[in-house]
>>> print(open('my_file.cif').read())   # mmCIF, C-alpha atoms
data_query
loop_
_atom_site.label_atom_id
_atom_site.label_comp_id
_atom_site.auth_asym_id
_atom_site.auth_seq_id
_atom_site.Cartn_x
_atom_site.Cartn_y
_atom_site.Cartn_z
CA MET R 1 3.85 20.73 -1.02
CA ILE R 2 0.60 18.89 -0.27
CA ILE R 3 -1.39 20.98 2.15
CA GLY R 4 -4.83 19.81 1.09
CA SER R 5 -5.17 17.53 4.12
CA TYR R 6 -5.09 20.52 6.49
CA ARG R 7 -7.41 22.85 4.57
CA GLN R 8 -10.36 22.22 6.92
CA THR R 9 -8.36 21.88 10.14
CA GLU R 10 -9.08 24.14 13.11
CA GLU R 11 -6.46 26.73 13.95
CA ASN R 12 -5.61 25.35 17.40
CA GLU R 13 -5.06 21.90 15.88
CA LEU R 14 -2.72 23.42 13.33
CA VAL R 15 -0.80 25.18 16.10
CA LYS R 16 -0.46 21.95 18.10
CA ALA R 17 0.70 19.99 15.06
CA SER R 18 3.17 22.75 14.11
CA ILE R 19 4.66 22.75 17.62
CA GLY R 20 5.18 19.02 17.13
CA GLY R 21 7.21 19.82 14.00
CA ASP R 22 4.52 19.07 11.41
CA LYS R 23 5.69 20.83 8.24
CA LEU R 24 2.36 20.52 6.48
CA ALA R 25 0.41 22.01 9.37
CA PHE R 26 2.72 25.01 9.56
CA GLY R 27 2.58 25.31 5.77
CA GLU R 28 -1.20 25.67 6.09
CA ILE R 29 -0.78 28.45 8.70
CA VAL R 30 1.58 30.25 6.31
CA ARG R 31 -0.89 29.81 3.45
CA ARG R 32 -3.78 31.19 5.54
CA TYR R 33 -1.96 34.26 6.79
CA GLN R 34 0.59 35.15 4.12
CA LYS R 35 -1.72 37.67 2.44
CA MET R 36 -2.42 39.38 5.75
CA VAL R 37 1.31 39.62 6.51
CA ALA R 38 1.99 40.85 2.96
CA ARG R 39 -0.51 43.69 3.40
CA THR R 40 1.20 44.84 6.60
CA VAL R 41 4.79 44.42 5.44
CA LYS R 42 4.34 45.68 1.88
CA GLY R 43 1.99 48.44 3.02
CA MET R 44 4.73 49.67 5.34
CA LEU R 45 7.88 48.94 3.34
CA GLY R 46 6.68 48.99 -0.22
CA ASP R 47 6.76 46.21 -2.76
CA SER R 48 10.46 45.44 -2.52
CA VAL R 49 12.51 42.30 -2.16
CA PHE R 50 13.18 43.32 1.46
CA ALA R 51 9.47 43.07 2.18
CA GLU R 52 9.53 39.44 1.11
CA ASP R 53 12.50 38.78 3.40
CA ILE R 54 10.70 40.39 6.33
CA GLY R 55 7.61 38.33 5.48
CA GLN R 56 9.71 35.15 5.70
CA GLU R 57 11.21 36.34 8.97
CA VAL R 58 7.72 36.86 10.40
CA PHE R 59 6.80 33.21 9.84
CA ILE R 60 10.18 31.91 10.99
CA LYS R 61 9.78 33.89 14.22
CA LEU R 62 6.21 32.65 14.55
CA TYR R 63 7.34 29.04 14.20
CA HIS R 64 9.97 29.42 16.91
CA SER R 65 7.58 31.19 19.28
CA LEU R 66 4.51 29.01 18.72
CA SER R 67 5.10 27.13 21.98
CA GLU R 68 4.68 30.48 23.81
CA PHE R 69 1.35 31.17 22.12
CA ARG R 70 -1.28 30.60 24.81
CA GLY R 71 -4.32 31.19 22.67
CA GLU R 72 -5.48 34.19 24.73
CA ALA R 73 -5.42 36.38 21.61
CA LYS R 74 -6.37 35.26 18.12
CA LEU R 75 -3.55 33.68 16.10
CA SER R 76 -4.02 36.40 13.48
CA THR R 77 -3.43 39.10 16.14
CA TYR R 78 -0.32 37.28 17.35
CA ILE R 79 1.06 37.05 13.80
CA GLN R 80 0.12 40.65 13.09
CA ARG R 81 2.08 41.82 16.16
CA ILE R 82 5.17 39.96 14.99
CA ALA R 83 4.77 41.46 11.51
CA VAL R 84 4.35 45.00 12.88
CA ASN R 85 7.36 44.70 15.22
CA LEU R 86 9.67 43.29 12.56
CA THR R 87 8.54 45.89 10.02
CA LEU R 88 9.04 48.78 12.45
CA ASN R 89 12.50 47.40 13.30
CA GLU R 90 13.32 47.31 9.59
CA ILE R 91 12.15 50.92 9.16
CA LYS R 92 14.37 51.99 12.10
CA ARG R 93 17.30 50.05 10.66
CA ARG R 94 16.83 51.69 7.24
CA LYS R 95 16.51 55.13 8.80
CA ARG R 96 19.83 54.62 10.60
CA PHE R 97 21.44 53.34 7.41
CA PHE R 98 20.19 56.22 5.27
CA SER R 99 21.05 58.84 7.86
CA MET R 100 24.59 57.43 7.94
CA PHE R 101 25.21 57.07 4.22
CA SER R 102 22.95 59.49 2.39
CA GLN R 103 20.67 62.45 2.66
CA LYS R 104 17.69 60.54 1.23
CA GLY R 105 14.38 61.10 2.95
CA ASN R 106 12.07 58.38 4.20
CA SER R 107 9.96 58.49 1.07
CA GLU R 108 12.85 57.29 -1.05
CA MET R 109 13.18 54.15 1.03
CA TYR R 110 9.79 53.11 -0.18
CA GLU R 111 9.55 51.27 -3.49
CA PHE R 112 6.47 50.14 -5.30
CA GLU R 113 5.89 48.20 -8.46
CA VAL R 114 2.78 48.51 -10.54
CA ALA R 115 2.34 45.67 -13.03
CA ASP R 116 2.29 46.70 -16.70
CA HIS R 117 -0.61 44.47 -17.61
CA GLU R 118 -3.11 46.20 -15.32
CA ASN R 119 -5.75 48.41 -16.87
CA GLU R 120 -5.44 52.17 -16.64
CA GLU R 121 -8.07 52.70 -13.93
CA ARG R 122 -6.60 50.04 -11.63
CA ARG R 123 -3.08 51.31 -12.22
CA GLU R 124 -4.19 54.77 -11.25
CA ALA R 125 -5.97 53.52 -8.12
CA LYS R 126 -2.91 51.56 -7.09
CA GLU R 127 -0.64 54.51 -7.69
CA ILE R 128 -2.79 56.79 -5.55
CA VAL R 129 -2.70 54.31 -2.63
CA ASN R 130 1.02 53.71 -3.06
CA LYS R 131 1.86 57.40 -3.18
CA ALA R 132 -0.33 58.12 -0.17
CA LEU R 133 1.46 55.38 1.81
CA MET R 134 4.84 56.47 0.50
CA ARG R 135 4.44 60.09 1.55
CA ILE R 136 2.77 59.73 4.89
CA ASP R 137 4.86 59.83 8.05
CA PRO R 138 5.88 56.23 9.00
CA LYS R 139 4.39 56.86 12.45
CA PHE R 140 0.96 57.17 10.80
CA ARG R 141 1.65 54.68 8.01
CA ILE R 142 1.13 51.76 10.36
CA ILE R 143 -2.29 53.10 11.39
CA VAL R 144 -3.27 53.66 7.74
CA THR R 145 -2.11 50.14 6.84
CA MET R 146 -4.09 48.57 9.67
CA ARG R 147 -7.28 50.49 8.82
CA MET R 148 -7.24 50.88 5.07
CA LEU R 149 -5.50 47.68 3.93
CA GLN R 150 -6.31 45.27 6.77
CA GLY R 151 -9.74 46.66 7.60
CA TYR R 152 -9.22 46.54 11.37
CA SER R 153 -11.49 48.42 13.73
CA THR R 154 -10.06 51.03 16.10
CA LYS R 155 -10.19 48.51 18.95
CA GLU R 156 -8.41 45.81 16.94
CA THR R 157 -5.78 48.31 15.79
CA ALA R 158 -5.16 49.36 19.40
CA GLU R 159 -4.86 45.71 20.45
CA ILE R 160 -2.39 44.83 17.70
CA LEU R 161 -0.25 47.92 18.16
CA ASN R 162 -0.49 47.67 21.93
CA LEU R 163 -1.61 51.30 22.17
CA PRO R 164 -4.39 52.92 24.21
CA LEU R 165 -7.61 53.46 22.28
CA GLY R 166 -7.30 57.24 22.71
CA THR R 167 -3.85 57.26 21.13
CA VAL R 168 -5.12 55.32 18.13
CA LEU R 169 -8.05 57.72 17.72
CA SER R 170 -5.80 60.78 17.86
CA ARG R 171 -3.35 59.21 15.39
CA LEU R 172 -6.24 58.36 13.07
CA SER R 173 -7.34 61.97 12.98
CA ARG R 174 -3.78 63.24 12.47
CA ALA R 175 -3.19 60.63 9.75
CA GLN R 176 -6.41 61.74 8.08
CA GLU R 177 -5.22 65.36 8.09
CA GLN R 178 -1.91 64.35 6.56
CA LEU R 179 -3.62 62.16 3.96
CA LYS R 180 -5.91 65.01 2.93
CA GLY R 181 -2.89 67.20 2.28
CA ILE R 182 -1.08 64.47 0.35
CA LEU R 183 -4.05 63.42 -1.76
CA GLU R 184 -4.97 66.99 -2.68
CA LYS R 185 -1.63 67.32 -4.47
CA LEU R 186 -2.05 64.07 -6.45
CA MET H 187 -13.44 53.49 -9.61
CA LYS H 188 -12.50 57.10 -10.34
CA PRO H 189 -9.39 58.60 -8.66
CA SER H 190 -11.57 61.03 -6.70
CA GLU H 191 -13.57 58.10 -5.28
CA ILE H 192 -10.40 56.27 -4.30
CA LYS H 193 -9.14 59.37 -2.50
CA LYS H 194 -12.47 59.75 -0.72
CA LEU H 195 -12.31 56.09 0.33
CA ILE H 196 -8.76 56.48 1.68
CA ILE H 197 -9.62 59.58 3.69
CA GLY H 198 -12.89 58.01 4.85
CA SER H 199 -11.06 54.94 6.18
CA MET H 200 -9.51 57.17 8.84
CA ASP H 201 -12.87 58.24 10.27
CA ALA H 202 -13.37 56.88 13.77
CA ASP H 203 -16.85 55.61 12.87
CA ALA H 204 -15.89 54.21 9.45
CA ALA H 205 -16.38 50.58 8.45
CA PRO H 206 -12.73 49.77 7.65
CA GLU H 207 -13.48 46.16 6.75
CA GLU H 208 -15.81 47.31 3.97
CA ILE H 209 -13.28 49.89 2.74
CA ALA H 210 -10.47 47.31 2.65
CA ARG H 211 -12.73 44.93 0.71
CA ARG H 212 -13.63 47.63 -1.83
CA LEU H 213 -9.98 48.60 -2.29
CA GLU H 214 -9.09 44.96 -2.85
CA GLU H 215 -11.80 44.75 -5.49
CA GLU H 216 -10.11 47.69 -7.18
CA GLY H 217 -6.91 45.67 -7.43
CA ILE H 218 -5.20 47.14 -4.38
CA SER H 219 -4.05 43.85 -2.97
CA PHE H 220 -0.75 42.67 -1.62
CA ASP H 221 0.76 39.21 -1.63
CA PHE H 222 4.16 37.60 -1.69
CA SER H 223 5.55 35.96 -4.80
CA LYS H 224 4.64 32.43 -5.82
CA GLY H 225 6.14 29.65 -3.71
CA PHE H 226 6.46 31.88 -0.64
CA SER H 227 5.18 29.26 1.83
CA ASP H 228 7.54 26.62 0.39
CA ARG H 229 10.49 28.96 0.83
CA VAL H 230 9.48 29.68 4.43
CA ILE H 231 9.12 25.98 5.24
CA ASP H 232 12.45 25.17 3.58
CA LYS H 233 14.16 27.90 5.59
CA ILE H 234 12.66 26.79 8.90
CA PHE H 235 13.43 23.13 8.51
CA ALA H 236 16.85 23.69 6.96
CA THR H 237 17.69 25.81 10.02
CA GLY H 238 16.31 23.00 12.17
CA ALA H 239 18.67 20.54 10.51
CA THR H 240 21.59 22.89 11.20
CA ILE H 241 20.62 23.08 14.87
CA VAL H 242 20.39 19.27 15.04
CA ARG H 243 23.83 18.98 13.43
CA GLN H 244 25.26 21.54 15.89
CA ALA H 245 23.75 19.66 18.83
CA GLU H 246 25.20 16.39 17.53
CA PHE H 247 28.64 17.97 17.20
CA VAL H 248 28.53 19.29 20.78
CA ARG H 249 27.37 15.90 22.05
CA ASN H 250 30.18 14.10 20.20
CA LEU H 251 32.71 16.63 21.47
CA ASN H 252 31.56 16.08 25.06
CA TYR H 253 31.76 12.31 24.61
CA ALA H 254 35.27 12.58 23.18
CA PHE H 255 36.29 14.91 26.03
CA TYR H 256 35.08 12.45 28.68
CA ARG H 257 36.98 9.59 27.06
CA VAL H 258 40.19 11.63 26.82
CA ALA H 259 39.76 12.95 30.37
CA LEU H 260 39.18 9.49 31.85
CA THR H 261 42.20 8.05 30.01
CA GLY H 262 44.29 11.01 31.21
CA VAL H 263 43.22 10.54 34.86
CA ALA H 264 43.99 6.81 34.62
CA ALA H 265 47.47 7.56 33.21
CA ILE H 266 48.21 10.07 36.02
CA VAL H 267 47.13 7.56 38.71
CA ILE H 268 49.36 4.82 37.21
CA LEU H 269 52.28 7.28 37.03
CA LEU H 270 51.85 8.29 40.69
CA ILE H 271 51.65 4.65 41.81
CA SER H 272 54.78 3.73 39.86
CA ILE H 273 56.66 6.75 41.32
CA PHE H 274 55.57 5.75 44.82
CA ILE H 275 56.74 2.16 44.29
CA MET H 276 60.12 3.22 42.81
CA GLU H 277 60.93 6.19 45.08
CA GLY H 278 59.06 5.25 48.24
CA SER H 279 57.34 8.66 48.43
CA ILE H 280 55.54 11.17 46.27
CA SER H 281 57.36 14.50 46.42
CA ILE H 282 58.02 17.13 43.76
CA ASN H 283 61.59 15.85 43.36
CA SER H 284 60.52 12.26 42.98
CA PHE H 285 57.81 13.35 40.59
CA LEU H 286 60.44 15.18 38.51
CA GLY H 287 62.86 12.26 38.74
CA LEU H 288 65.39 14.18 40.87
CA GLY H 289 65.28 11.91 43.94
CA ASP H 290 68.94 10.76 44.18
CA THR H 291 70.74 13.35 42.08
CA TYR H 292 73.22 15.97 43.27
CA ASP H 293 73.97 19.29 41.60
CA GLU H 294 77.35 17.98 40.33
CA SER H 295 75.82 14.95 38.75
CA ILE H 296 73.33 17.16 36.91
CA VAL H 297 76.23 19.28 35.54
CA CYS H 298 78.02 16.08 34.46
CA LEU H 299 74.85 14.83 32.86
CA LEU H 300 74.27 18.04 30.92
CA THR H 301 77.91 18.74 29.87
CA GLY H 302 78.94 15.13 29.29
CA ASN H 303 82.13 15.49 31.42
#
>>> encode(input="my_file.cif", output="structure tokens")
Amino acid sequence: MIIGSYRQTEENELVKASIGGDKLAFGEIVRRYQKMVARTVKGMLGDSVFAEDIGQEVFIKLYHSLSEFRGEAKLSTYIQRIAVNLTLNEIKRRKRFFSMFSQKGNSEMYEFEVADHENEERREAKEIVNKALMRIDPKFRIIVTMRMLQGYSTKETAEILNLPLGTVLSRLSRAQEQLKGILEKL
Amino acid sequence: MKPSEIKKLIIGSMDADAAPEEIARRLEEEGISFDFSKGFSDRVIDKIFATGATIVRQAEFVRNLNYAFYRVALTGVAAIVILLISIFIMEGSISINSFLGLGDTYDESIVCLLTGN
């Protein structure tokens, strides 16, 4: 796909062109935000094939709802909200499935792959992050993903998750407590 | 980066006054990055526009079905009107009996007609 022509284009222009059915413009939006969506989805679900499916669903949903995007929030926030909602729905769906068919805990729903070619130090770093995400309560996992992987401020996190600032702050401190306990054992 | 430093960074990212952007950048430098597999955007675009084509095909089918229905319905109405006019001309009135072709028949004649005697 040739997306070079849209590399320098402003976001609102890309949105307008995408609403008009311009494949290349929407391809550029996907290119710009796919890493951000991957961090949210894979941070929450693990590096599995399902995460990729959810990632695709995020952009498909975005495409169909672009005409409703009024530009009041940033496009990245809008996409992030879709990603968070779809990921949380997937977690709920999995929880229901596992509670129906097996006694597996939440942690076993979470898969991660660490590439063989990576050096020892990087592998170790990745494993620590993965295990921390895998073991933390999903309720806090979203907060950890937003802060640690996406680098969002407390205010941005509250805006994306549609939560009061106080709630985010209290979840941050509870997530930190849980993380301390998890990381001590690693 | 040593494991202890990574752990410190993770815990520190949860501080209310932390600089999460800086922490995320440092973690990414340490190889903690996430992305979808190669060709992800192409697959998304293919899915969206293939679905679009399906919707267009569905819409075309519904439109053609409606068009066919109107043609059949109009032909049917025309046939009914012609039938009613011909009944009126032949029988002089439009009643249930005349519509069923029973205008001048008696019970006996129906028995004869059905039994052949």
>>> closest_atom_pairs(input="my_file.cif", of="chain R", to="chain H", cutoff="9 Å", atoms="only C-alpha atoms", output="JSON lines")
{"residue": "R:Met1", "atom": "CA", "partner": "H:Asp228", "partner_atom": "CA", "distance": 7.1}
{"residue": "R:Gly21", "atom": "CA", "partner": "H:Phe235", "partner_atom": "CA", "distance": 8.9}
{"residue": "R:Lys23", "atom": "CA", "partner": "H:Ile231", "partner_atom": "CA", "distance": 6.9}
{"residue": "R:Leu24", "atom": "CA", "partner": "H:Ile231", "partner_atom": "CA", "distance": 8.8}
{"residue": "R:Phe26", "atom": "CA", "partner": "H:Ile231", "partner_atom": "CA", "distance": 7.8}
{"residue": "R:Gly27", "atom": "CA", "partner": "H:Ser227", "partner_atom": "CA", "distance": 6.2}
{"residue": "R:Glu28", "atom": "CA", "partner": "H:Ser227", "partner_atom": "CA", "distance": 8.5}
{"residue": "R:Val30", "atom": "CA", "partner": "H:Ser227", "partner_atom": "CA", "distance": 5.8}
{"residue": "R:Arg31", "atom": "CA", "partner": "H:Ser227", "partner_atom": "CA", "distance": 6.3}
{"residue": "R:Gln34", "atom": "CA", "partner": "H:Asp221", "partner_atom": "CA", "distance": 7.0}
{"residue": "R:Lys35", "atom": "CA", "partner": "H:Asp221", "partner_atom": "CA", "distance": 5.0}
{"residue": "R:Met36", "atom": "CA", "partner": "H:Asp221", "partner_atom": "CA", "distance": 8.0}
{"residue": "R:Val37", "atom": "CA", "partner": "H:Asp221", "partner_atom": "CA", "distance": 8.2}
{"residue": "R:Ala38", "atom": "CA", "partner": "H:Asp221", "partner_atom": "CA", "distance": 5.0}
{"residue": "R:Arg39", "atom": "CA", "partner": "H:Phe220", "partner_atom": "CA", "distance": 5.1}
{"residue": "R:Thr40", "atom": "CA", "partner": "H:Phe220", "partner_atom": "CA", "distance": 8.7}
{"residue": "R:Lys42", "atom": "CA", "partner": "H:Phe220", "partner_atom": "CA", "distance": 6.9}
{"residue": "R:Gly43", "atom": "CA", "partner": "H:Phe220", "partner_atom": "CA", "distance": 7.9}
{"residue": "R:Asp47", "atom": "CA", "partner": "H:Phe220", "partner_atom": "CA", "distance": 8.4}
{"residue": "R:Ala51", "atom": "CA", "partner": "H:Phe222", "partner_atom": "CA", "distance": 8.5}
{"residue": "R:Glu52", "atom": "CA", "partner": "H:Phe222", "partner_atom": "CA", "distance": 6.3}
{"residue": "R:Gly55", "atom": "CA", "partner": "H:Phe222", "partner_atom": "CA", "distance": 8.0}
{"residue": "R:Gln56", "atom": "CA", "partner": "H:Val230", "partner_atom": "CA", "distance": 5.6}
{"residue": "R:Glu57", "atom": "CA", "partner": "H:Val230", "partner_atom": "CA", "distance": 8.2}
{"residue": "R:Phe59", "atom": "CA", "partner": "H:Val230", "partner_atom": "CA", "distance": 7.0}
{"residue": "R:Ile60", "atom": "CA", "partner": "H:Ile234", "partner_atom": "CA", "distance": 6.1}
{"residue": "R:Tyr63", "atom": "CA", "partner": "H:Ile234", "partner_atom": "CA", "distance": 7.8}
{"residue": "R:His64", "atom": "CA", "partner": "H:Ile234", "partner_atom": "CA", "distance": 8.8}
{"residue": "R:Glu118", "atom": "CA", "partner": "H:Gly217", "partner_atom": "CA", "distance": 8.8}
{"residue": "R:Glu121", "atom": "CA", "partner": "H:Met187", "partner_atom": "CA", "distance": 6.9}
{"residue": "R:Arg122", "atom": "CA", "partner": "H:Gly217", "partner_atom": "CA", "distance": 6.1}
{"residue": "R:Arg123", "atom": "CA", "partner": "H:Gly217", "partner_atom": "CA", "distance": 8.3}
{"residue": "R:Glu124", "atom": "CA", "partner": "H:Pro189", "partner_atom": "CA", "distance": 7.0}
{"residue": "R:Ala125", "atom": "CA", "partner": "H:Pro189", "partner_atom": "CA", "distance": 6.1}
{"residue": "R:Lys126", "atom": "CA", "partner": "H:Ile218", "partner_atom": "CA", "distance": 5.7}
{"residue": "R:Ile128", "atom": "CA", "partner": "H:Lys193", "partner_atom": "CA", "distance": 7.5}
{"residue": "R:Val129", "atom": "CA", "partner": "H:Ile196", "partner_atom": "CA", "distance": 7.7}
{"residue": "R:Ala132", "atom": "CA", "partner": "H:Ile196", "partner_atom": "CA", "distance": 8.8}
{"residue": "R:Ile143", "atom": "CA", "partner": "H:Met200", "partner_atom": "CA", "distance": 8.7}
{"residue": "R:Val144", "atom": "CA", "partner": "H:Met200", "partner_atom": "CA", "distance": 7.2}
{"residue": "R:Met146", "atom": "CA", "partner": "H:Pro206", "partner_atom": "CA", "distance": 9.0}
{"residue": "R:Arg147", "atom": "CA", "partner": "H:Pro206", "partner_atom": "CA", "distance": 5.6}
{"residue": "R:Met148", "atom": "CA", "partner": "H:Ala210", "partner_atom": "CA", "distance": 5.4}
{"residue": "R:Leu149", "atom": "CA", "partner": "H:Ala210", "partner_atom": "CA", "distance": 5.1}
{"residue": "R:Gln150", "atom": "CA", "partner": "H:Ala210", "partner_atom": "CA", "distance": 6.2}
{"residue": "R:Gly151", "atom": "CA", "partner": "H:Glu207", "partner_atom": "CA", "distance": 3.9}
{"residue": "R:Tyr152", "atom": "CA", "partner": "H:Pro206", "partner_atom": "CA", "distance": 6.0}
{"residue": "R:Ser153", "atom": "CA", "partner": "H:Pro206", "partner_atom": "CA", "distance": 6.4}
{"residue": "R:Thr154", "atom": "CA", "partner": "H:Ala202", "partner_atom": "CA", "distance": 7.1}
{"residue": "R:Leu169", "atom": "CA", "partner": "H:Ala202", "partner_atom": "CA", "distance": 6.7}
{"residue": "R:Leu172", "atom": "CA", "partner": "H:Met200", "partner_atom": "CA", "distance": 5.5}
{"residue": "R:Ser173", "atom": "CA", "partner": "H:Met200", "partner_atom": "CA", "distance": 6.7}
{"residue": "R:Ala175", "atom": "CA", "partner": "H:Met200", "partner_atom": "CA", "distance": 7.3}
{"residue": "R:Gln176", "atom": "CA", "partner": "H:Met200", "partner_atom": "CA", "distance": 5.6}
{"residue": "R:Glu177", "atom": "CA", "partner": "H:Ile197", "partner_atom": "CA", "distance": 8.5}
{"residue": "R:Leu179", "atom": "CA", "partner": "H:Ile197", "partner_atom": "CA", "distance": 6.5}
{"residue": "R:Lys180", "atom": "CA", "partner": "H:Ile197", "partner_atom": "CA", "distance": 6.6}
{"residue": "R:Leu183", "atom": "CA", "partner": "H:Lys193", "partner_atom": "CA", "distance": 6.5}
{"residue": "R:Glu184", "atom": "CA", "partner": "H:Lys193", "partner_atom": "CA", "distance": 8.7}
>>> atom_distance(input="my_file.cif", atom1="CA of Met134 (chain R)", atom2="CA of Thr167 (chain R)")
22.4 Å
>>> resolve_selection(input="my_file.cif", expression="the PyMOL selection byres ((chain R and resi 73-89) around 10)", output="PyMOL selection string")
chain R and resi 11-12+15+29+32-34+36-45+51+54-59+61-62+66+69-72+90-95+138-139+142+146+156-157+159-162
>>> write_last_selection(input="my_file.cif", atoms="C-alpha atoms", output="PDB file, in the frame of the given file")
ATOM      1  CA  GLU R  11      -6.460  26.730  13.950  1.00  0.00           C
ATOM      2  CA  ASN R  12      -5.610  25.350  17.400  1.00  0.00           C
ATOM      3  CA  VAL R  15      -0.800  25.180  16.100  1.00  0.00           C
ATOM      4  CA  ILE R  29      -0.780  28.450   8.700  1.00  0.00           C
ATOM      5  CA  ARG R  32      -3.780  31.190   5.540  1.00  0.00           C
ATOM      6  CA  TYR R  33      -1.960  34.260   6.790  1.00  0.00           C
ATOM      7  CA  GLN R  34       0.590  35.150   4.120  1.00  0.00           C
ATOM      8  CA  MET R  36      -2.420  39.380   5.750  1.00  0.00           C
ATOM      9  CA  VAL R  37       1.310  39.620   6.510  1.00  0.00           C
ATOM     10  CA  ALA R  38       1.990  40.850   2.960  1.00  0.00           C
ATOM     11  CA  ARG R  39      -0.510  43.690   3.400  1.00  0.00           C
ATOM     12  CA  THR R  40       1.200  44.840   6.600  1.00  0.00           C
ATOM     13  CA  VAL R  41       4.790  44.420   5.440  1.00  0.00           C
ATOM     14  CA  LYS R  42       4.340  45.680   1.880  1.00  0.00           C
ATOM     15  CA  GLY R  43       1.990  48.440   3.020  1.00  0.00           C
ATOM     16  CA  MET R  44       4.730  49.670   5.340  1.00  0.00           C
ATOM     17  CA  LEU R  45       7.880  48.940   3.340  1.00  0.00           C
ATOM     18  CA  ALA R  51       9.470  43.070   2.180  1.00  0.00           C
ATOM     19  CA  ILE R  54      10.700  40.390   6.330  1.00  0.00           C
ATOM     20  CA  GLY R  55       7.610  38.330   5.480  1.00  0.00           C
ATOM     21  CA  GLN R  56       9.710  35.150   5.700  1.00  0.00           C
ATOM     22  CA  GLU R  57      11.210  36.340   8.970  1.00  0.00           C
ATOM     23  CA  VAL R  58       7.720  36.860  10.400  1.00  0.00           C
ATOM     24  CA  PHE R  59       6.800  33.210   9.840  1.00  0.00           C
ATOM     25  CA  LYS R  61       9.780  33.890  14.220  1.00  0.00           C
ATOM     26  CA  LEU R  62       6.210  32.650  14.550  1.00  0.00           C
ATOM     27  CA  LEU R  66       4.510  29.010  18.720  1.00  0.00           C
ATOM     28  CA  PHE R  69       1.350  31.170  22.120  1.00  0.00           C
ATOM     29  CA  ARG R  70      -1.280  30.600  24.810  1.00  0.00           C
ATOM     30  CA  GLY R  71      -4.320  31.190  22.670  1.00  0.00           C
ATOM     31  CA  GLU R  72      -5.480  34.190  24.730  1.00  0.00           C
ATOM     32  CA  GLU R  90      13.320  47.310   9.590  1.00  0.00           C
ATOM     33  CA  ILE R  91      12.150  50.920   9.160  1.00  0.00           C
ATOM     34  CA  LYS R  92      14.370  51.990  12.100  1.00  0.00           C
ATOM     35  CA  ARG R  93      17.300  50.050  10.660  1.00  0.00           C
ATOM     36  CA  ARG R  94      16.830  51.690   7.240  1.00  0.00           C
ATOM     37  CA  LYS R  95      16.510  55.130   8.800  1.00  0.00           C
ATOM     38  CA  PRO R 138       5.880  56.230   9.000  1.00  0.00           C
ATOM     39  CA  LYS R 139       4.390  56.860  12.450  1.00  0.00           C
ATOM     40  CA  ILE R 142       1.130  51.760  10.360  1.00  0.00           C
ATOM     41  CA  MET R 146      -4.090  48.570   9.670  1.00  0.00           C
ATOM     42  CA  GLU R 156      -8.410  45.810  16.940  1.00  0.00           C
ATOM     43  CA  THR R 157      -5.780  48.310  15.790  1.00  0.00           C
ATOM     44  CA  GLU R 159      -4.860  45.710  20.450  1.00  0.00           C
ATOM     45  CA  ILE R 160      -2.390  44.830  17.700  1.00  0.00           C
ATOM     46  CA  LEU R 161      -0.250  47.920  18.160  1.00  0.00           C
ATOM     47  CA  ASN R 162      -0.490  47.670  21.930  1.00  0.00           C
TER      48      ASN R 162
END
>>> closest_residue(input="my_file.cif", among="R:Lys131, R:Leu186, R:Glu10, R:Leu163", to="Ala25 (chain R)", atoms="all atoms listed in the file")
R:Glu10
>>> atom_distance(input="my_file.cif", atom1="CA of Gly262 (chain H)", atom2="CA of Glu246 (chain H)")
24.1 Å
>>> closest_residue(input="my_file.cif", among="H:Ala254, H:Leu270, H:Ala245, H:Ala236", to="Gly287 (chain H)", atoms="all atoms listed in the file")
H:Leu270
>>> closest_residue(input="my_file.cif", among="R:Ser18, R:Arg135, R:Gly46, R:Asn130", to="Gly181 (chain R)", atoms="only C-alpha atoms")
R:Arg135
>>> atom_distance(input="my_file.cif", atom1="CA of Gln8 (chain R)", atom2="CA of Ser67 (chain R)")
22.1 Å
>>> closest_residue(input="my_file.cif", among="R:Gly166, R:Ile182, R:Arg174, R:Leu14", to="Leu133 (chain R)", atoms="all atoms listed in the file")
R:Ile182
>>> decode(input="my_file.cif", residues="region 268-276 of chain H", atoms="N, CA and C atoms", output="compact mmCIF listing (two decimals), in the first residue's frame")
# COMPACT_ATOMS: atom_id res chain seq x y z
N ILE H 268 -58.48 -6.72 -14.58
CA ILE H 268 -59.00 -7.27 -15.85
C ILE H 268 -60.00 -8.39 -15.55
N LEU H 269 -59.67 -9.24 -14.57
CA LEU H 269 -60.55 -10.35 -14.19
C LEU H 269 -61.90 -9.82 -13.68
N LEU H 270 -61.85 -8.80 -12.83
CA LEU H 270 -63.09 -8.22 -12.27
C LEU H 270 -63.95 -7.61 -13.37
N ILE H 271 -63.29 -6.91 -14.31
CA ILE H 271 -64.04 -6.29 -15.42
C ILE H 271 -64.71 -7.36 -16.28
N SER H 272 -63.94 -8.43 -16.57
CA SER H 272 -64.51 -9.49 -17.42
C SER H 272 -65.67 -10.19 -16.71
N ILE H 273 -65.56 -10.39 -15.38
CA ILE H 273 -66.66 -11.01 -14.62
C ILE H 273 -67.90 -10.10 -14.67
N PHE H 274 -67.67 -8.81 -14.49
CA PHE H 274 -68.77 -7.85 -14.51
C PHE H 274 -69.48 -7.86 -15.87
N ILE H 275 -68.69 -7.92 -16.94
CA ILE H 275 -69.27 -7.92 -18.29
C ILE H 275 -70.07 -9.21 -18.51
N MET H 276 -69.51 -10.35 -18.09
CA MET H 276 -70.16 -11.65 -18.36
C MET H 276 -71.36 -11.88 -17.43
